[in-house]
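Student: TSV, C-alpha atoms, saved as model_26.tsv, coming up:
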```
chain	number	residue	atom	x	y	z
A	1	MET	CA	7.03	-7.92	10.58
A	2	PRO	CA	9.57	-5.37	11.82
A	3	SER	CA	9.67	-2.02	10.13
A	4	SER	CA	13.22	-2.59	8.93
A	5	ALA	CA	11.99	-5.47	6.76
A	6	SER	CA	9.47	-3.36	4.80
A	7	GLY	CA	10.42	-3.34	1.17
A	8	SER	CA	9.60	0.01	-0.37
A	9	ALA	CA	9.82	3.51	0.99
A	10	PRO	CA	6.96	4.55	3.26
A	11	ALA	CA	4.60	7.39	2.53
A	12	THR	CA	5.94	10.76	3.49
A	13	PHE	CA	4.26	14.04	4.27
A	14	LEU	CA	5.29	15.23	0.79
A	15	HIS	CA	3.15	12.53	-0.85
A	16	LYS	CA	0.08	13.62	1.09
A	17	VAL	CA	0.68	17.27	0.20
A	18	ILE	CA	1.02	16.37	-3.50
A	19	ALA	CA	-2.18	14.31	-3.31
A	20	ALA	CA	-4.13	17.17	-1.71
A	21	VAL	CA	-2.82	19.72	-4.22
A	22	SER	CA	-3.64	17.36	-7.11
A	23	ILE	CA	-7.22	16.86	-5.91
A	24	ALA	CA	-7.64	20.63	-5.62
A	25	ALA	CA	-6.21	21.11	-9.12
A	26	LEU	CA	-8.54	18.44	-10.53
A	27	VAL	CA	-11.61	20.02	-8.96
A	28	HIS	CA	-10.45	23.43	-10.15
A	29	ALA	CA	-10.10	22.10	-13.70
A	30	GLY	CA	-13.67	20.81	-13.52
A	31	TYR	CA	-14.89	24.19	-12.30
A	32	SER	CA	-13.00	25.91	-15.13
A	33	ALA	CA	-14.56	23.56	-17.68
A	34	ALA	CA	-18.04	24.27	-16.30
A	35	GLN	CA	-17.39	28.01	-16.50
A	36	HIS	CA	-16.17	27.62	-20.08
A	37	ARG	CA	-19.39	25.83	-21.01
A	38	LEU	CA	-21.40	28.58	-19.30
A	39	TYR	CA	-19.49	31.27	-21.19
A	40	LEU	CA	-20.13	29.54	-24.53
A	41	ARG	CA	-23.81	29.22	-23.67
A	42	LEU	CA	-24.16	32.90	-22.79
A	43	THR	CA	-22.31	34.09	-25.92
A	44	GLU	CA	-24.26	31.52	-28.00
A	45	GLN	CA	-21.16	29.87	-29.49
A	46	PRO	CA	-21.12	26.16	-30.30
A	47	PHE	CA	-19.01	23.84	-28.10
A	48	THR	CA	-16.21	22.20	-30.05
A	49	ALA	CA	-13.48	21.35	-27.54
A	50	LEU	CA	-12.15	22.39	-24.14
A	51	PRO	CA	-9.25	24.88	-24.01
A	52	ALA	CA	-5.85	23.23	-24.03
A	53	ASP	CA	-4.88	24.60	-20.60
A	54	ILE	CA	-7.86	22.96	-18.90
A	55	VAL	CA	-7.09	19.63	-20.61
A	56	ALA	CA	-3.43	19.88	-19.60
A	57	GLN	CA	-4.28	20.75	-15.99
A	58	THR	CA	-6.73	17.82	-15.80
A	59	LEU	CA	-4.26	15.26	-17.16
A	60	ALA	CA	-1.31	16.54	-15.10
A	61	SER	CA	-3.27	16.55	-11.85
A	62	LEU	CA	-4.53	13.03	-12.64
A	63	ILE	CA	-0.99	11.72	-13.16
A	64	PHE	CA	0.31	13.35	-9.98
A	65	LEU	CA	-2.70	12.11	-8.01
A	66	CYS	CA	-2.15	8.51	-9.13
A	67	TRP	CA	1.54	8.71	-8.27
A	68	ALA	CA	0.89	10.25	-4.85
A	69	TYR	CA	-1.83	7.73	-3.91
A	70	THR	CA	0.40	4.86	-4.94
A	71	HIS	CA	2.72	5.90	-2.13
A	72	VAL	CA	0.12	7.12	0.37
A	73	ALA	CA	-1.52	3.66	0.24
A	74	GLY	CA	1.43	2.15	2.15
A	75	ALA	CA	4.69	0.33	1.61
A	76	PHE	CA	5.00	-3.12	0.06
A	77	GLN	CA	6.29	-5.85	2.37
A	78	PRO	CA	8.46	-8.73	1.14
A	79	ILE	CA	6.40	-11.91	1.11
A	80	ARG	CA	9.22	-14.47	1.29
A	81	ALA	CA	9.14	-15.38	4.98
A	82	ASP	CA	12.12	-17.73	4.75
A	83	ILE	CA	14.39	-15.05	3.31
A	84	ALA	CA	13.17	-12.37	5.72
A	85	ASN	CA	13.63	-14.63	8.77
A	86	GLY	CA	16.85	-16.15	7.49
A	87	ARG	CA	18.64	-12.83	7.82
A	88	ARG	CA	17.53	-12.26	11.43
A	89	LYS	CA	20.06	-12.89	14.17
A	90	TRP	CA	19.35	-15.01	17.21
A	91	ASP	CA	19.74	-11.94	19.42
A	92	ASP	CA	16.63	-10.47	17.74
A	93	VAL	CA	14.61	-13.67	17.42
A	94	GLY	CA	15.27	-15.06	20.89
A	95	SER	CA	14.87	-11.91	22.93
A	96	CYS	CA	11.49	-12.13	24.66
A	97	LEU	CA	11.85	-9.37	27.19
A	98	SER	CA	8.28	-9.85	28.42
A	99	PHE	CA	9.29	-13.25	29.79
A	100	ALA	CA	12.60	-12.21	31.31
A	101	THR	CA	12.90	-13.27	34.96
A	102	PHE	CA	15.40	-11.63	37.25
A	103	GLU	CA	14.39	-13.24	40.56
A	104	HIS	CA	13.95	-16.94	39.92
A	105	ARG	CA	14.33	-19.58	42.62
A	106	ALA	CA	16.50	-21.64	40.30
A	107	LYS	CA	19.27	-19.16	40.97
A	108	ALA	CA	20.05	-21.31	44.01
A	109	LEU	CA	21.16	-24.06	41.61
A	110	SER	CA	23.88	-21.86	40.17
A	111	PRO	CA	27.37	-22.81	41.34
A	112	THR	CA	28.15	-19.11	41.84
A	113	TYR	CA	25.13	-18.63	44.12
A	114	ALA	CA	26.23	-17.68	47.62
A	115	PHE	CA	23.83	-19.12	50.16
A	116	ASP	CA	23.28	-16.74	53.04
A	117	SER	CA	22.53	-19.05	55.93
A	118	GLY	CA	22.77	-16.30	58.50
A	119	ARG	CA	19.81	-14.45	56.98
A	120	SER	CA	17.58	-17.52	57.16
A	121	VAL	CA	18.53	-18.11	60.78
A	122	SER	CA	17.76	-14.53	61.71
A	123	ILE	CA	14.32	-14.77	60.05
A	124	LEU	CA	13.63	-17.93	62.04
A	125	LEU	CA	14.65	-16.16	65.19
A	126	LEU	CA	12.27	-13.32	64.40
A	127	LEU	CA	9.35	-15.65	63.79
A	128	PHE	CA	9.73	-17.81	66.86
B	1	ARG	CA	-1.62	-22.04	-1.30
B	2	PHE	CA	-0.18	-20.02	1.60
B	3	GLU	CA	2.13	-21.77	4.02
B	4	MET	CA	3.03	-20.59	7.46
B	5	PRO	CA	6.75	-20.43	8.18
B	6	PRO	CA	7.80	-23.40	10.32
B	7	LYS	CA	9.59	-23.03	13.60
B	8	ARG	CA	13.32	-23.13	13.22
B	9	SER	CA	15.51	-25.34	15.31
B	10	ALA	CA	19.05	-26.56	15.17
B	11	ALA	CA	17.87	-29.78	13.50
B	12	ASP	CA	16.39	-27.78	10.61
B	13	LYS	CA	19.67	-26.18	9.80
B	14	SER	CA	20.41	-28.66	7.03
B	15	LYS	CA	17.22	-27.55	5.24
B	16	THR	CA	18.28	-23.93	4.93
B	17	SER	CA	20.64	-24.78	2.11
B	18	ASP	CA	17.81	-25.74	-0.28
B	19	GLN	CA	15.31	-23.12	0.89
B	20	ASN	CA	14.93	-21.81	-2.65
B	21	SER	CA	13.20	-25.00	-3.76
B	22	VAL	CA	10.21	-24.53	-1.40
B	23	PRO	CA	9.39	-20.84	-1.01
B	24	LEU	CA	7.65	-19.96	2.23
B	25	ILE	CA	5.16	-17.14	1.79
B	26	SER	CA	4.15	-14.81	4.58
B	27	ALA	CA	0.37	-14.59	4.29
B	28	SER	CA	0.10	-11.41	6.34
B	29	ALA	CA	2.62	-9.56	4.17
B	30	LEU	CA	0.87	-10.76	1.01
B	31	GLN	CA	-2.54	-9.60	2.26
B	32	HIS	CA	-1.05	-6.27	3.29
B	33	ASN	CA	0.34	-5.79	-0.23
B	34	LEU	CA	-3.00	-6.69	-1.82
B	35	GLY	CA	-4.72	-4.20	0.47
B	36	VAL	CA	-2.27	-1.52	-0.68
B	37	LEU	CA	-3.14	-2.36	-4.29
B	38	GLU	CA	-6.87	-2.21	-3.52
B	39	TYR	CA	-6.59	1.20	-1.86
B	40	ALA	CA	-4.59	2.72	-4.69
B	41	ARG	CA	-6.83	1.16	-7.36
B	42	THR	CA	-9.93	2.71	-5.80
B	43	CYS	CA	-8.31	6.15	-5.61
B	44	GLN	CA	-6.97	5.83	-9.16
B	45	SER	CA	-10.39	4.83	-10.54
B	46	ALA	CA	-12.12	7.73	-8.79
B	47	ALA	CA	-9.51	10.23	-9.99
B	48	ALA	CA	-9.59	8.89	-13.56
B	49	GLY	CA	-13.38	9.05	-13.56
B	50	MET	CA	-13.28	12.67	-12.40
B	51	ALA	CA	-10.78	13.52	-15.14
B	52	ALA	CA	-12.84	11.75	-17.81
B	53	GLY	CA	-15.95	13.62	-16.74
B	54	VAL	CA	-14.14	16.94	-16.81
B	55	LEU	CA	-12.71	16.20	-20.25
B	56	GLY	CA	-16.20	15.30	-21.49
B	57	LEU	CA	-15.34	11.86	-22.84
B	58	THR	CA	-18.18	9.67	-24.06
B	59	SER	CA	-18.54	5.97	-24.90
B	60	ILE	CA	-15.48	4.18	-26.33
B	61	PRO	CA	-12.87	6.92	-25.68
B	62	GLY	CA	-13.93	6.96	-22.02
B	63	PHE	CA	-13.26	3.24	-21.61
B	64	LEU	CA	-9.97	3.52	-23.50
B	65	PHE	CA	-9.02	6.36	-21.13
B	66	TYR	CA	-9.66	4.08	-18.13
B	67	PHE	CA	-7.44	1.33	-19.47
B	68	SER	CA	-4.64	3.74	-20.35
B	69	VAL	CA	-4.73	5.10	-16.79
B	70	VAL	CA	-4.61	1.49	-15.56
B	71	LEU	CA	-1.40	1.01	-17.55
B	72	ILE	CA	0.09	4.18	-16.04
B	73	GLN	CA	-0.89	2.94	-12.57
B	74	ALA	CA	0.78	-0.40	-13.31
B	75	LEU	CA	3.96	1.47	-14.24
B	76	PHE	CA	3.85	3.35	-10.92
B	77	TRP	CA	3.33	0.11	-9.00
B	78	GLU	CA	6.21	-1.60	-10.80
B	79	SER	CA	8.52	1.29	-10.01
B	80	LYS	CA	7.30	1.30	-6.38
B	81	SER	CA	8.29	-2.37	-6.08
B	82	SER	CA	11.72	-1.45	-7.51
B	83	PHE	CA	10.84	-3.51	-10.62
B	84	ASP	CA	11.07	-6.62	-8.42
B	85	TRP	CA	7.41	-7.64	-8.51
B	86	PRO	CA	7.80	-11.38	-7.61
B	87	SER	CA	9.30	-10.58	-4.19
B	88	TYR	CA	6.10	-8.76	-3.18
B	89	PHE	CA	3.32	-10.64	-5.05
B	90	LEU	CA	2.59	-14.16	-6.24
B	91	ASP	CA	0.59	-13.10	-9.29
B	92	ARG	CA	2.83	-11.54	-11.91
B	93	THR	CA	-0.09	-9.84	-13.70
B	94	ALA	CA	-1.56	-8.29	-10.54
B	95	SER	CA	-0.14	-4.84	-11.37
B	96	VAL	CA	-2.60	-4.62	-14.27
B	97	SER	CA	-5.38	-7.03	-13.38
B	98	HIS	CA	-5.89	-6.52	-9.63
B	99	SER	CA	-9.55	-5.43	-9.09
B	100	LEU	CA	-9.69	-4.21	-12.67
B	101	VAL	CA	-13.46	-4.59	-13.03
B	102	SER	CA	-14.47	-3.21	-9.64
B	103	GLY	CA	-12.22	-0.24	-10.41
B	104	LEU	CA	-14.08	0.14	-13.70
B	105	PHE	CA	-17.39	0.42	-11.81
B	106	THR	CA	-15.95	3.11	-9.54
B	107	TYR	CA	-14.62	4.84	-12.64
B	108	ILE	CA	-18.04	4.85	-14.34
B	109	LEU	CA	-19.67	6.25	-11.20
B	110	PHE	CA	-17.34	9.28	-11.05
B	111	TRP	CA	-17.23	9.65	-14.83
B	112	VAL	CA	-21.03	9.98	-15.14
B	113	PHE	CA	-21.28	12.22	-12.08
B	114	LEU	CA	-18.61	14.71	-13.17
B	115	TYR	CA	-19.78	14.66	-16.79
B	116	GLY	CA	-23.24	15.65	-15.62
B	117	MET	CA	-21.95	18.33	-13.27
B	118	VAL	CA	-19.63	19.94	-15.83
B	119	HIS	CA	-21.12	19.39	-19.28
B	120	VAL	CA	-24.85	18.85	-18.77
B	121	TYR	CA	-25.95	21.19	-15.99
```
Translate this structure into structure tokens?

Tutor:
Amino acid sequence: MPSSASGSAPATFLHKVIAAVSIAALVHAGYSAAQHRLYLRLTEQPFTALPADIVAQTLASLIFLCWAYTHVAGAFQPIRADIANGRRKWDDVGSCLSFATFEHRAKALSPTYAFDSGRSVSILLLLF
Amino acid sequence: RFEMPPKRSAADKSKTSDQNSVPLISASALQHNLGVLEYARTCQSAAAGMAAGVLGLTSIPGFLFYFSVVLIQALFWESKSSFDWPSYFLDRTASVSHSLVSGLFTYILFWVFLYGMVHVY
């Protein structure tokens, strides 16, 4: 499948940066929550709920992480092979450069092929 | 279920007019797309489990949180496919249901781990 036929936009460096920052923010929110629990334990206050900023940071980093990994995972490719191949031109499909032959003996069959008889005679003279 | 695309020749040219009646599916592209879904589902489950553990969710709210994140992930996948899901997948419900249960197990793993790290110890 050529790269031009890939359906959705590929992952960019920006997506990976957002994913890394989101993971760091999520871990930081967890560390903040643990410190909040430790603070409540030391001051002997009962735990009711987490502070709103920790909850907001957790949810926001989760959303950004899901969005970033959706794109880091790779691009979707169109699955309809008939449509994808139907748009390709013969110049793309039929070009097999690995099998191109530039010195084939069948060139002697071409009407424009100029047979050099003098060269053959000189080689014969060299051999014998 | 999956058909390989046939070789085209000049004699097949008459068939190209009714190509919409028999869709030819590229198996490699389909498997690539399912692998993309699998990768993102695993990451999404792990991240949602971490968030649920940090938030200190327990029992039913934790499971509801997983399924709401699944819906958000489905929205992201639909927008990634330019809201043209059938041209990338055969199963219309795959954006919600693909590896839903195995993602739930990954979610529970991270949920319990982070809950213990943050709220228990």

Student: By how many Å are atom CA of Ala100 of chain A and atom CA of Ala81 of chain A apart?

Tutor: 26.7 Å

Student: Should the cut-off be 9 Å, what would the residue list for chain B against chain A look like, counting all atoms listed in the file, as a VMD selection string?

Tutor: chain B and resid 4 to 5 16 19 to 20 23 to 30 32 to 41 43 to 44 47 to 48 50 to 56 69 72 to 73 76 to 77 80 to 82 86 to 90 114 117 to 119 121

Student: Limited to C-alpha atoms, could you put the picked residues into a file as a tab-separated table (two decimals), keeping the file's coordinate frame?

Tutor:
```tsv
chain	number	residue	atom	x	y	z
B	4	MET	CA	3.03	-20.59	7.46
B	5	PRO	CA	6.75	-20.43	8.18
B	16	THR	CA	18.28	-23.93	4.93
B	19	GLN	CA	15.31	-23.12	0.89
B	20	ASN	CA	14.93	-21.81	-2.65
B	23	PRO	CA	9.39	-20.84	-1.01
B	24	LEU	CA	7.65	-19.96	2.23
B	25	ILE	CA	5.16	-17.14	1.79
B	26	SER	CA	4.15	-14.81	4.58
B	27	ALA	CA	0.37	-14.59	4.29
B	28	SER	CA	0.10	-11.41	6.34
B	29	ALA	CA	2.62	-9.56	4.17
B	30	LEU	CA	0.87	-10.76	1.01
B	32	HIS	CA	-1.05	-6.27	3.29
B	33	ASN	CA	0.34	-5.79	-0.23
B	34	LEU	CA	-3.00	-6.69	-1.82
B	35	GLY	CA	-4.72	-4.20	0.47
B	36	VAL	CA	-2.27	-1.52	-0.68
B	37	LEU	CA	-3.14	-2.36	-4.29
B	38	GLU	CA	-6.87	-2.21	-3.52
B	39	TYR	CA	-6.59	1.20	-1.86
B	40	ALA	CA	-4.59	2.72	-4.69
B	41	ARG	CA	-6.83	1.16	-7.36
B	43	CYS	CA	-8.31	6.15	-5.61
B	44	GLN	CA	-6.97	5.83	-9.16
B	47	ALA	CA	-9.51	10.23	-9.99
B	48	ALA	CA	-9.59	8.89	-13.56
B	50	MET	CA	-13.28	12.67	-12.40
B	51	ALA	CA	-10.78	13.52	-15.14
B	52	ALA	CA	-12.84	11.75	-17.81
B	53	GLY	CA	-15.95	13.62	-16.74
B	54	VAL	CA	-14.14	16.94	-16.81
B	55	LEU	CA	-12.71	16.20	-20.25
B	56	GLY	CA	-16.20	15.30	-21.49
B	69	VAL	CA	-4.73	5.10	-16.79
B	72	ILE	CA	0.09	4.18	-16.04
B	73	GLN	CA	-0.89	2.94	-12.57
B	76	PHE	CA	3.85	3.35	-10.92
B	77	TRP	CA	3.33	0.11	-9.00
B	80	LYS	CA	7.30	1.30	-6.38
B	81	SER	CA	8.29	-2.37	-6.08
B	82	SER	CA	11.72	-1.45	-7.51
B	86	PRO	CA	7.80	-11.38	-7.61
B	87	SER	CA	9.30	-10.58	-4.19
B	88	TYR	CA	6.10	-8.76	-3.18
B	89	PHE	CA	3.32	-10.64	-5.05
B	90	LEU	CA	2.59	-14.16	-6.24
B	114	LEU	CA	-18.61	14.71	-13.17
B	117	MET	CA	-21.95	18.33	-13.27
B	118	VAL	CA	-19.63	19.94	-15.83
B	119	HIS	CA	-21.12	19.39	-19.28
B	121	TYR	CA	-25.95	21.19	-15.99
```

Student: Record the distance separating atom CA of Gly49 of chain B and atom CA of Leu109 of chain B, expressed in Å with one decimal.

Tutor: 7.3 Å

Student: Write out as an NGL selection string which residues come within 9 Å of Ile108 of chain B when counting all atoms listed in the file, dropping same-chain ones fewer than 6 positions away.

Tutor: :B and (45-46 or 49 or 62-63)

Student: Could you tell me how far atom CA of Val70 of chain B lies from atom CA of Leu100 of chain B, in Å and to one decimal?

Tutor: 8.2 Å

Student: With all atoms of segment 96-113 of chain A from the file as input, state the centre and edge lengths in Å to one decimal of the axis-aligned box that has 3 Å extra on each side, as AutoDock Vina command-line options.

Tutor:
```
--center_x 18.2 --center_y -16.7 --center_z 34.4 --size_x 25.9 --size_y 20.7 --size_z 25.5
```

Student: Assuming the input is short of atoms at segment 60-72 of chain B, produce N, CA and C atoms for that part as a PDB file, in the frame of the given file.

Tutor:
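This went into rebuild.pdb:
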```
ATOM      1  N   ILE B  60     -16.719   4.955 -26.178  1.00  0.00           N
ATOM      2  CA  ILE B  60     -15.480   4.180 -26.330  1.00  0.00           C
ATOM      3  C   ILE B  60     -14.238   4.945 -25.850  1.00  0.00           C
ATOM      4  N   PRO B  61     -14.055   6.219 -26.196  1.00  0.00           N
ATOM      5  CA  PRO B  61     -12.870   6.920 -25.680  1.00  0.00           C
ATOM      6  C   PRO B  61     -12.792   6.950 -24.158  1.00  0.00           C
ATOM      7  N   GLY B  62     -13.940   7.002 -23.472  1.00  0.00           N
ATOM      8  CA  GLY B  62     -13.930   6.960 -22.020  1.00  0.00           C
ATOM      9  C   GLY B  62     -13.376   5.665 -21.475  1.00  0.00           C
ATOM     10  N   PHE B  63     -13.776   4.536 -22.064  1.00  0.00           N
ATOM     11  CA  PHE B  63     -13.260   3.240 -21.610  1.00  0.00           C
ATOM     12  C   PHE B  63     -11.790   3.086 -21.975  1.00  0.00           C
ATOM     13  N   LEU B  64     -11.390   3.570 -23.151  1.00  0.00           N
ATOM     14  CA  LEU B  64      -9.970   3.520 -23.500  1.00  0.00           C
ATOM     15  C   LEU B  64      -9.143   4.359 -22.536  1.00  0.00           C
ATOM     16  N   PHE B  65      -9.715   5.495 -22.095  1.00  0.00           N
ATOM     17  CA  PHE B  65      -9.020   6.360 -21.130  1.00  0.00           C
ATOM     18  C   PHE B  65      -8.798   5.606 -19.822  1.00  0.00           C
ATOM     19  N   TYR B  66      -9.829   4.851 -19.374  1.00  0.00           N
ATOM     20  CA  TYR B  66      -9.660   4.080 -18.130  1.00  0.00           C
ATOM     21  C   TYR B  66      -8.518   3.094 -18.244  1.00  0.00           C
ATOM     22  N   PHE B  67      -8.471   2.362 -19.360  1.00  0.00           N
ATOM     23  CA  PHE B  67      -7.440   1.330 -19.470  1.00  0.00           C
ATOM     24  C   PHE B  67      -6.045   1.930 -19.658  1.00  0.00           C
ATOM     25  N   SER B  68      -5.955   3.099 -20.262  1.00  0.00           N
ATOM     26  CA  SER B  68      -4.640   3.740 -20.350  1.00  0.00           C
ATOM     27  C   SER B  68      -4.178   4.217 -18.981  1.00  0.00           C
ATOM     28  N   VAL B  69      -5.114   4.712 -18.147  1.00  0.00           N
ATOM     29  CA  VAL B  69      -4.730   5.100 -16.790  1.00  0.00           C
ATOM     30  C   VAL B  69      -4.340   3.874 -15.969  1.00  0.00           C
ATOM     31  N   VAL B  70      -4.996   2.736 -16.229  1.00  0.00           N
ATOM     32  CA  VAL B  70      -4.610   1.490 -15.560  1.00  0.00           C
ATOM     33  C   VAL B  70      -3.167   1.123 -15.902  1.00  0.00           C
ATOM     34  N   LEU B  71      -2.781   1.316 -17.161  1.00  0.00           N
ATOM     35  CA  LEU B  71      -1.400   1.010 -17.550  1.00  0.00           C
ATOM     36  C   LEU B  71      -0.419   1.945 -16.859  1.00  0.00           C
ATOM     37  N   ILE B  72      -0.781   3.233 -16.742  1.00  0.00           N
ATOM     38  CA  ILE B  72       0.090   4.180 -16.040  1.00  0.00           C
ATOM     39  C   ILE B  72       0.223   3.793 -14.571  1.00  0.00           C
TER      40      ILE B  72
END
```
